[in-house]
>>> print(open('input-v2.cif').read())   # mmCIF, C-alpha atoms and all ligand atoms
data_final
#
loop_
_atom_site.label_atom_id
_atom_site.label_comp_id
_atom_site.auth_asym_id
_atom_site.auth_seq_id
_atom_site.Cartn_x
_atom_site.Cartn_y
_atom_site.Cartn_z
CA MET A 1 -53.15 159.33 100.37
CA LYS A 2 -50.94 157.76 97.74
CA VAL A 3 -47.22 157.57 98.52
CA THR A 4 -44.26 156.20 96.62
CA ALA A 5 -42.21 153.88 98.80
CA ALA A 6 -39.25 151.55 98.61
CA VAL A 7 -40.71 148.26 99.83
CA ALA A 8 -38.65 145.44 101.33
CA THR A 9 -40.34 142.34 99.96
CA ALA A 10 -37.92 139.47 100.70
CA PRO A 11 -34.57 138.96 102.47
CA ARG A 12 -31.51 139.89 100.39
CA SER A 13 -33.74 141.02 97.51
CA PRO A 14 -33.72 144.52 96.05
CA PHE A 15 -36.17 147.07 97.43
CA GLU A 16 -39.12 147.61 95.06
CA ILE A 17 -40.45 151.08 94.31
CA GLN A 18 -44.21 150.83 94.70
CA LEU A 19 -47.27 153.07 94.99
CA LEU A 20 -48.96 152.54 98.39
CA ASP A 21 -51.80 154.00 100.41
CA LEU A 22 -50.90 155.81 103.64
CA GLU A 23 -53.59 156.45 106.28
CA PRO A 24 -54.19 160.05 107.37
CA PRO A 25 -52.54 161.01 110.69
CA ARG A 26 -54.25 159.87 113.88
CA SER A 27 -54.53 162.36 116.76
CA ASP A 28 -50.93 161.80 117.97
CA GLU A 29 -49.40 161.49 114.49
CA ILE A 30 -47.47 163.94 112.32
CA LEU A 31 -47.55 163.61 108.55
CA VAL A 32 -44.15 164.51 107.16
CA ARG A 33 -43.31 165.02 103.51
CA ILE A 34 -39.93 163.34 103.33
CA ALA A 35 -37.23 165.36 101.56
CA ALA A 36 -34.32 163.00 102.21
CA VAL A 37 -33.56 159.83 104.13
CA GLY A 38 -30.25 158.34 105.16
CA LEU A 39 -29.42 154.69 104.64
CA CYS A 40 -28.37 152.85 107.79
CA HIS A 41 -27.10 149.29 108.00
CA THR A 42 -30.06 148.50 110.27
CA ASP A 43 -32.43 149.02 107.31
CA VAL A 44 -30.61 146.28 105.43
CA SER A 45 -30.55 144.08 108.56
CA ALA A 46 -34.34 144.44 108.82
CA ARG A 47 -34.85 143.66 105.14
CA ASP A 48 -32.69 140.56 105.60
CA GLN A 49 -34.70 139.62 108.70
CA LEU A 50 -31.87 139.82 111.24
CA LEU A 51 -34.42 142.15 112.80
CA PRO A 52 -37.69 140.28 112.30
CA ILE A 53 -40.00 143.00 110.94
CA PRO A 54 -42.72 141.17 108.98
CA LEU A 55 -42.28 141.63 105.21
CA PRO A 56 -43.38 143.32 103.05
CA ALA A 57 -42.31 146.41 104.95
CA VAL A 58 -41.42 150.04 104.46
CA LEU A 59 -38.20 150.64 106.38
CA GLY A 60 -36.10 153.83 106.63
CA HIS A 61 -35.32 155.57 109.91
CA GLU A 62 -33.17 158.61 109.08
CA GLY A 63 -35.88 160.70 107.47
CA ALA A 64 -35.99 164.49 107.27
CA GLY A 65 -38.72 166.61 105.75
CA VAL A 66 -41.47 169.16 106.14
CA VAL A 67 -44.55 168.73 108.32
CA GLU A 68 -47.61 168.54 106.11
CA SER A 69 -50.37 168.05 108.68
CA VAL A 70 -50.76 167.03 112.32
CA GLY A 71 -53.32 165.17 114.43
CA GLU A 72 -55.38 167.21 116.89
CA ALA A 73 -53.28 166.24 119.96
CA VAL A 74 -50.01 167.41 118.41
CA THR A 75 -48.61 170.71 119.70
CA LYS A 76 -44.86 170.37 119.13
CA VAL A 77 -44.86 171.18 115.43
CA VAL A 78 -47.14 172.81 112.88
CA PRO A 79 -47.48 172.38 109.11
CA GLY A 80 -44.49 173.89 107.33
CA ASP A 81 -41.97 173.11 110.08
CA ARG A 82 -38.81 171.35 108.99
CA VAL A 83 -38.02 168.26 111.03
CA VAL A 84 -35.39 165.57 111.43
CA LEU A 85 -36.85 162.17 112.37
CA THR A 86 -35.21 159.83 114.85
CA PHE A 87 -36.00 156.74 116.95
CA ARG A 88 -39.25 156.68 118.94
CA SER A 89 -39.58 156.43 122.72
CA CYS A 90 -42.52 156.61 125.14
CA GLY A 91 -41.41 159.63 127.19
CA ARG A 92 -42.82 158.22 130.42
CA CYS A 93 -40.88 155.09 131.46
CA THR A 94 -37.98 154.91 133.91
CA ARG A 95 -35.36 155.38 131.17
CA CYS A 96 -37.18 158.17 129.36
CA GLU A 97 -37.63 159.98 132.67
CA VAL A 98 -33.86 160.12 133.15
CA HIS A 99 -33.30 161.23 129.54
CA GLN A 100 -32.07 157.88 128.25
CA PRO A 101 -34.78 157.35 125.63
CA SER A 102 -32.72 154.98 123.48
CA TYR A 103 -33.23 152.43 126.28
CA CYS A 104 -36.98 153.13 126.49
CA GLU A 105 -38.86 150.24 128.07
CA HIS A 106 -41.24 150.29 125.12
CA SER A 107 -38.63 150.64 122.40
CA GLY A 108 -39.43 147.27 120.81
CA VAL A 109 -43.11 147.90 120.26
CA LEU A 110 -42.58 151.56 119.26
CA ASN A 111 -39.75 150.97 116.77
CA PHE A 112 -39.63 147.38 115.60
CA ALA A 113 -43.14 145.92 115.56
CA GLY A 114 -43.87 146.89 111.97
CA ALA A 115 -47.18 148.31 113.16
CA ARG A 116 -48.64 150.79 115.62
CA PRO A 117 -48.75 149.56 119.23
CA ASP A 118 -52.43 148.61 118.70
CA GLY A 119 -51.37 146.33 115.84
CA SER A 120 -52.73 148.47 113.01
CA ARG A 121 -50.62 149.21 109.97
CA ALA A 122 -50.64 152.62 108.34
CA LEU A 123 -49.65 151.37 104.86
CA ARG A 124 -51.49 149.23 102.32
CA ARG A 125 -51.07 148.10 98.75
CA ASP A 126 -54.26 147.06 96.99
CA GLY A 127 -55.82 146.49 100.41
CA GLU A 128 -52.94 144.30 101.68
CA ALA A 129 -51.36 145.62 104.91
CA ILE A 130 -47.66 146.52 104.65
CA SER A 131 -45.45 146.79 107.75
CA SER A 132 -45.18 150.43 108.81
CA ASN A 133 -44.01 152.49 111.81
CA PHE A 134 -40.39 151.32 111.54
CA PHE A 135 -38.64 153.51 114.15
CA GLY A 136 -41.95 155.36 114.33
CA GLN A 137 -41.50 156.62 110.77
CA SER A 138 -40.94 154.16 107.86
CA SER A 139 -39.34 156.97 105.90
CA PHE A 140 -38.29 155.14 102.73
CA ALA A 141 -41.31 156.87 101.24
CA THR A 142 -42.45 160.23 99.98
CA HIS A 143 -44.51 160.69 103.18
CA ALA A 144 -44.23 159.22 106.67
CA LEU A 145 -46.21 159.29 109.91
CA ALA A 146 -44.12 160.26 112.94
CA TYR A 147 -44.76 161.32 116.55
CA GLU A 148 -43.85 164.19 118.87
CA ARG A 149 -41.22 162.03 120.56
CA ASN A 150 -39.33 161.33 117.34
CA VAL A 151 -39.46 164.63 115.46
CA VAL A 152 -36.83 167.25 116.11
CA LYS A 153 -37.66 170.70 114.77
CA VAL A 154 -34.86 172.37 112.80
CA ALA A 155 -34.47 175.79 111.18
CA GLN A 156 -36.69 176.83 108.29
CA ASP A 157 -33.64 176.93 106.00
CA ALA A 158 -32.15 173.66 107.28
CA PRO A 159 -30.45 171.54 104.57
CA LEU A 160 -32.57 168.42 105.01
CA ASP A 161 -30.43 166.29 102.69
CA THR A 162 -27.51 166.96 105.04
CA TYR A 163 -29.34 166.68 108.35
CA ALA A 164 -31.28 163.45 107.63
CA PRO A 165 -28.64 161.01 108.99
CA LEU A 166 -28.37 162.90 112.28
CA GLY A 167 -31.38 160.85 113.39
CA CYS A 168 -29.40 157.62 113.73
CA GLY A 169 -25.87 157.00 112.43
CA ILE A 170 -24.32 160.39 113.09
CA GLN A 171 -25.76 160.82 116.58
CA THR A 172 -24.74 157.26 117.43
CA GLY A 173 -21.03 157.82 116.74
CA ALA A 174 -20.89 161.35 118.12
CA GLY A 175 -23.01 160.48 121.15
CA ALA A 176 -20.79 157.54 122.04
CA VAL A 177 -17.87 159.96 122.42
CA LEU A 178 -19.71 162.94 123.88
CA ARG A 179 -22.44 161.34 125.99
CA SER A 180 -22.03 157.59 126.60
CA ILE A 181 -18.31 157.65 127.38
CA ALA A 182 -17.85 161.42 127.68
CA CYS A 183 -14.20 161.33 126.57
CA GLU A 184 -12.14 163.97 128.41
CA PRO A 185 -9.93 166.45 126.55
CA GLY A 186 -6.58 164.82 125.82
CA SER A 187 -7.88 161.28 126.32
CA SER A 188 -6.93 158.54 123.86
CA LEU A 189 -9.46 156.73 121.72
CA LEU A 190 -9.39 153.73 119.38
CA VAL A 191 -12.23 153.37 116.86
CA THR A 192 -12.61 150.05 115.05
CA GLY A 193 -14.45 150.44 111.75
CA ALA A 194 -14.39 153.66 109.75
CA GLY A 195 -17.95 153.70 108.44
CA SER A 196 -20.30 156.59 109.11
CA VAL A 197 -20.73 155.74 112.81
CA GLY A 198 -16.99 155.32 113.42
CA LEU A 199 -16.09 158.47 111.51
CA SER A 200 -18.75 160.47 113.36
CA ALA A 201 -17.04 159.34 116.55
CA VAL A 202 -13.69 160.46 115.14
CA MET A 203 -15.00 163.90 114.18
CA ALA A 204 -16.65 164.39 117.58
CA ALA A 205 -13.45 163.26 119.33
CA ARG A 206 -11.33 165.66 117.32
CA GLY A 207 -13.52 168.73 116.93
CA ILE A 208 -15.69 168.71 120.04
CA ALA A 209 -14.27 166.47 122.83
CA ARG A 210 -10.68 167.40 121.87
CA CYS A 211 -9.27 163.95 122.46
CA GLY A 212 -5.51 163.46 122.15
CA ALA A 213 -4.55 160.32 120.23
CA ILE A 214 -7.37 159.16 117.96
CA MET A 215 -6.59 155.81 116.35
CA VAL A 216 -8.74 154.24 113.66
CA SER A 217 -8.50 150.65 112.46
CA ASP A 218 -10.14 149.69 109.16
CA PRO A 219 -9.13 147.24 106.42
CA MET A 220 -10.10 149.62 103.57
CA PRO A 221 -7.38 152.09 102.53
CA GLU A 222 -9.89 154.74 101.31
CA ARG A 223 -11.64 154.70 104.67
CA ARG A 224 -8.33 155.03 106.52
CA ALA A 225 -7.47 158.01 104.32
CA LEU A 226 -10.82 159.65 105.07
CA ALA A 227 -10.36 158.94 108.80
CA ARG A 228 -7.07 160.81 108.71
CA GLU A 229 -8.63 163.77 106.92
CA LEU A 230 -11.41 163.91 109.49
CA GLY A 231 -9.14 163.92 112.52
CA ALA A 232 -7.56 160.53 113.21
CA THR A 233 -4.02 160.99 114.48
CA HIS A 234 -3.09 157.38 113.62
CA VAL A 235 -4.64 154.90 111.20
CA ILE A 236 -4.14 151.16 111.40
CA ASP A 237 -4.45 148.47 108.75
CA PRO A 238 -5.58 145.48 110.82
CA ALA A 239 -4.10 143.12 108.22
CA THR A 240 -0.59 144.19 109.24
CA GLY A 241 -0.54 142.55 112.68
CA LYS A 242 -2.29 141.97 115.96
CA LEU A 243 -4.40 145.00 116.82
CA ALA A 244 -3.15 145.20 120.42
CA HIS A 245 0.49 145.16 119.21
CA LEU A 246 -0.20 147.87 116.64
CA VAL A 247 -2.01 150.07 119.18
CA ARG A 248 0.57 149.52 121.91
CA ALA A 249 3.37 150.37 119.48
CA ILE A 250 1.78 153.84 119.45
CA MET A 251 0.66 153.94 123.10
CA PRO A 252 2.35 151.25 125.21
CA ALA A 253 -0.05 151.47 128.17
CA GLY A 254 -3.07 151.10 125.88
CA VAL A 255 -5.87 153.51 125.06
CA ASP A 256 -8.30 155.07 127.54
CA TYR A 257 -11.29 154.25 125.38
CA ALA A 258 -12.21 152.05 122.44
CA LEU A 259 -15.38 152.09 120.38
CA ASP A 260 -16.25 149.12 118.20
CA THR A 261 -18.52 149.84 115.25
CA THR A 262 -17.99 146.52 113.44
CA GLY A 263 -19.91 144.07 115.63
CA GLN A 264 -17.39 141.41 114.59
CA SER A 265 -16.41 139.16 117.49
CA LYS A 266 -12.75 139.00 116.49
CA VAL A 267 -12.51 142.79 116.29
CA MET A 268 -14.37 143.35 119.57
CA ASP A 269 -12.14 140.78 121.30
CA ALA A 270 -9.03 142.47 119.92
CA ALA A 271 -10.26 145.87 121.11
CA VAL A 272 -10.43 144.62 124.72
CA PHE A 273 -6.68 143.99 124.66
CA CYS A 274 -5.98 147.52 123.42
CA LEU A 275 -7.36 149.15 126.57
CA ARG A 276 -5.27 150.62 129.36
CA LEU A 277 -5.99 149.51 132.94
CA ALA A 278 -9.53 150.55 133.89
CA GLY A 279 -10.26 151.52 130.28
CA THR A 280 -13.67 151.32 128.60
CA LEU A 281 -14.83 149.57 125.43
CA GLY A 282 -18.10 150.81 123.95
CA LEU A 283 -20.02 148.43 121.69
CA LEU A 284 -21.89 150.16 118.84
CA GLY A 285 -21.84 147.60 116.04
CA ILE A 286 -24.55 144.98 116.07
CA PRO A 287 -23.21 141.41 115.75
CA ALA A 288 -24.77 139.47 112.90
CA LYS A 289 -25.32 136.48 115.20
CA ALA A 290 -27.88 136.86 117.98
CA ASP A 291 -25.77 134.66 120.28
CA ALA A 292 -22.42 136.44 119.79
CA PRO A 293 -20.67 136.45 123.20
CA THR A 294 -19.64 139.58 125.09
CA PRO A 295 -15.99 140.22 124.10
CA GLY A 296 -12.93 139.50 126.21
CA TYR A 297 -12.31 137.10 129.07
CA ALA A 298 -14.06 137.64 132.39
CA ASN A 299 -10.77 137.25 134.27
CA VAL A 300 -9.02 139.85 132.14
CA VAL A 301 -11.93 142.30 132.39
CA LEU A 302 -12.04 141.84 136.16
CA ALA A 303 -8.30 141.93 136.85
CA ARG A 304 -7.75 144.97 134.62
CA GLY A 305 -10.81 146.86 135.88
CA LEU A 306 -12.20 147.19 132.36
CA ARG A 307 -15.67 148.37 131.46
CA ILE A 308 -17.65 147.07 128.51
CA GLN A 309 -20.59 149.27 127.67
CA GLY A 310 -23.39 148.72 125.16
CA ILE A 311 -24.38 151.92 123.36
CA LEU A 312 -27.63 152.57 121.50
CA GLU A 313 -28.06 155.76 119.49
CA GLY A 314 -25.12 157.32 121.36
CA ASP A 315 -27.32 157.70 124.45
CA SER A 316 -28.88 160.60 122.59
CA ASP A 317 -31.71 162.68 123.99
CA PRO A 318 -32.61 163.81 120.46
CA ASP A 319 -34.36 167.12 121.20
CA VAL A 320 -31.23 168.24 123.05
CA PHE A 321 -28.44 166.46 121.23
CA ILE A 322 -29.41 166.90 117.57
CA PRO A 323 -29.57 170.73 117.88
CA GLU A 324 -26.18 170.60 119.64
CA LEU A 325 -24.68 168.63 116.76
CA ILE A 326 -26.20 171.06 114.25
CA ALA A 327 -24.62 173.96 116.15
CA HIS A 328 -21.23 172.22 116.08
CA HIS A 329 -21.66 171.56 112.36
CA ARG A 330 -22.46 175.21 111.69
CA ALA A 331 -19.45 176.26 113.75
CA GLY A 332 -17.22 173.99 111.63
CA ASN A 333 -16.31 171.64 114.49
CA PHE A 334 -18.22 168.64 113.25
CA PRO A 335 -18.16 168.43 109.43
CA PHE A 336 -20.32 165.32 109.12
CA ASP A 337 -21.51 166.45 105.67
CA ARG A 338 -18.15 165.11 104.46
CA LEU A 339 -19.52 161.57 104.93
CA ILE A 340 -22.56 162.03 102.69
CA SER A 341 -23.14 160.90 99.11
CA ARG A 342 -26.53 161.79 97.68
CA TYR A 343 -28.60 159.43 95.49
CA PRO A 344 -32.04 159.82 93.91
CA PHE A 345 -34.54 157.94 96.11
CA THR A 346 -35.29 155.44 93.35
CA GLU A 347 -31.60 154.47 93.25
CA ILE A 348 -31.85 152.92 96.72
CA ASN A 349 -30.49 149.54 95.62
CA GLN A 350 -27.45 151.12 93.97
CA ALA A 351 -26.88 153.14 97.14
CA ILE A 352 -26.96 149.98 99.27
CA ASP A 353 -24.46 148.26 96.96
CA ASP A 354 -22.15 151.29 96.97
CA GLN A 355 -22.29 151.69 100.75
CA HIS A 356 -21.61 147.98 101.21
CA ALA A 357 -18.65 148.13 98.82
CA GLY A 358 -17.22 151.18 100.57
CA LYS A 359 -17.74 153.39 97.48
CA CYS A 360 -19.62 155.78 99.73
CA THR A 361 -19.73 156.21 103.49
CA LYS A 362 -23.24 157.50 104.17
CA ALA A 363 -25.77 157.36 101.36
CA VAL A 364 -28.61 159.86 101.61
CA LEU A 365 -31.59 159.22 99.33
CA VAL A 366 -33.13 162.43 98.04
CA MET A 367 -36.73 162.63 96.87
CA GLU A 368 -37.07 163.79 93.30
C1 LIG B 1 -30.09 149.78 115.90
C2 LIG B 1 -29.31 149.53 117.11
C3 LIG B 1 -29.31 148.09 117.51
C4 LIG B 1 -30.64 147.43 117.51
C5 LIG B 1 -31.36 147.68 116.26
C6 LIG B 1 -31.41 149.13 115.91
N1 LIG B 1 -30.21 151.15 115.81
C7 LIG B 1 -30.05 151.90 114.73
O1 LIG B 1 -29.82 151.60 113.61
ZN ZN B 2 -29.76 153.23 112.20
#
>>> encode(input="input-v2.cif", output="structure tokens")
Amino acid sequence: MKVTAAVATAPRSPFEIQLLDLEPPRSDEILVRIAAVGLCHTDVSARDQLLPIPLPAVLGHEGAGVVESVGEAVTKVVPGDRVVLTFRSCGRCTRCEVHQPSYCEHSGVLNFAGARPDGSRALRRDGEAISSNFFGQSSFATHALAYERNVVKVAQDAPLDTYAPLGCGIQTGAGAVLRSIACEPGSSLLVTGAGSVGLSAVMAARGIARCGAIMVSDPMPERRALARELGATHVIDPATGKLAHLVRAIMPAGVDYALDTTGQSKVMDAAVFCLRLAGTLGLLGIPAKADAPTPGYANVVLARGLRIQGILEGDSDPDVFIPELIAHHRAGNFPFDRLISRYPFTEINQAIDDQHAGKCTKAVLVME
């Protein structure tokens, strides 16, 4: 079938809206008519080849839509079901068995190969193969092929242009607080970086985990203001001093937990020195350099009993966690819709520019 897609053609170049051919679903595939798709920094990283998906490629991994047809082996959903798409996992490996699918042993081949595991590509343009299957979806397109493991069924009246970013950014921030670190009520938390992941962590800490002090450090005044509205008890402009001094002026012993969403070595290093004894730093932001060192000094980490924990997708088990987040949203405890700015799908390049400039926090592209 013909689909309209935003194609990444070259690093740091605008996405191009093109008409492509999409193969019909194979027996384990689910054809989804995409209604909306969130924009995650990882899409831009893949376009710019920090993640080496062969170009040209159709990216996009926060899709949401309506099932149009299914392969004969699919039983989880039927045509007409509304679904949120997320990362893909095998469901059978050691990590999937213990409900840690974001660390699936086969994650690389299932999410980042730019093709199906057998090497075939589902997308073509004038006969030329285009990289597909990004996060088992490639949802910067009017239709996408997904799998039972990465579709989460939602209600028939679900607002898909709100729920789309649950599949990556929102569950990453919220899951870090609720699942990876499991912050206790009353515990103190520092979040570095007030983008959509950091602010999802703040909202989960405030409305669900019921943390005590919630500190947010971000250089942009608008983001600090939004952080305060969404539940931060203290906001910090990192330009005004050393982060550890600013945090310890509020809480002299240091914070129980810190979550870094920036991936910047200087920020991650600074976060280590904000922790109380035996505190934990969670790393959510992907460093731009592949060889960025683990933050802190080994002696300090050892002597202070610190933990440094890598976090992918908030340790989400999507079929369980996404419905939980939706329930919290409906109950008013997790107002993540406040992060969203909607753009027509064809305005993808404007949305990227705006998100980069901090003019919006989470762009969601809506199909016309
Ligand atoms: C990222 C997490 C780090 C590796 C690449 C993919 N996930 C979501 O955007
Ligand atoms: Zn993402």
>>> residues_around(input="input-v2.cif", residues="Ala64 in chain A", least_positions_apart="3", cutoff="6 Å", atoms="all atoms listed in the file", output="list in words")
Ile34, Ala35, Ala36, Val83, Val84, Leu85, Leu160 and Ala164 of chain A
>>> axis_aligned_box(input="input-v2.cif", around="ligand LIG 1 (chain B)", padding_each_side="5 Å", output="AutoDock Vina command-line options")
--center_x -30.4 --center_y 149.7 --center_z 115.6 --size_x 12.1 --size_y 14.5 --size_z 13.9
>>> residues_around(input="input-v2.cif", residues="range 118-129 of chain A", least_positions_apart="3", cutoff="6 Å", atoms="all atoms listed in the file", output="list in words")
Leu20, Asp21, Leu22, Glu23, Ala115 and Ser132 of chain A
>>> residues_near_ligand(input="input-v2.cif", ligand="ligand LIG 1 (chain B)", cutoff="12 Å", atoms="all atoms listed in the file", output="MDAnalysis selection string")
chainID A and resid 38:46 49:53 59:62 86:88 102:103 107:108 110:113 134:135 165:173 196:197 261 263 283:288 290 310:316
>>> residues_around(input="input-v2.cif", residues="Arg330 in chain A", least_positions_apart="6", cutoff="12 Å", atoms="only C-alpha atoms", output="list of chain:residue names")
A:Ala158, A:Pro159, A:Thr162, A:Tyr163, A:Pro323, A:Glu324, A:Phe336, A:Asp337
>>> closest_residue(input="input-v2.cif", among="A:Gln355, A:Asn299, A:Asn150, A:Ser187", to="Ser138 in chain A", atoms="only C-alpha atoms")
A:Asn150
>>> atom_distance(input="input-v2.cif", atom1="CA of Leu281 in chain A", atom2="CA of Leu259 in chain A")
5.7 Å
>>> atom_distance(input="input-v2.cif", atom1="CA of Leu325 in chain A", atom2="CA of Val98 in chain A")
20.6 Å
>>> residues_around(input="input-v2.cif", residues="Gly305 in chain A", least_positions_apart="5", cutoff="8 Å", atoms="only C-alpha atoms", output="PyMOL selection string")
chain A and resi 277-279
>>> atom_distance(input="input-v2.cif", atom1="CA of Thr240 in chain A", atom2="CA of Lys289 in chain A")
26.6 Å
>>> closest_residue(input="input-v2.cif", among="A:Ser13, A:Thr346, A:Lys362, A:Ile208", to="ligand ZN 2 (chain B)", atoms="only C-alpha atoms and all ligand atoms")
A:Lys362
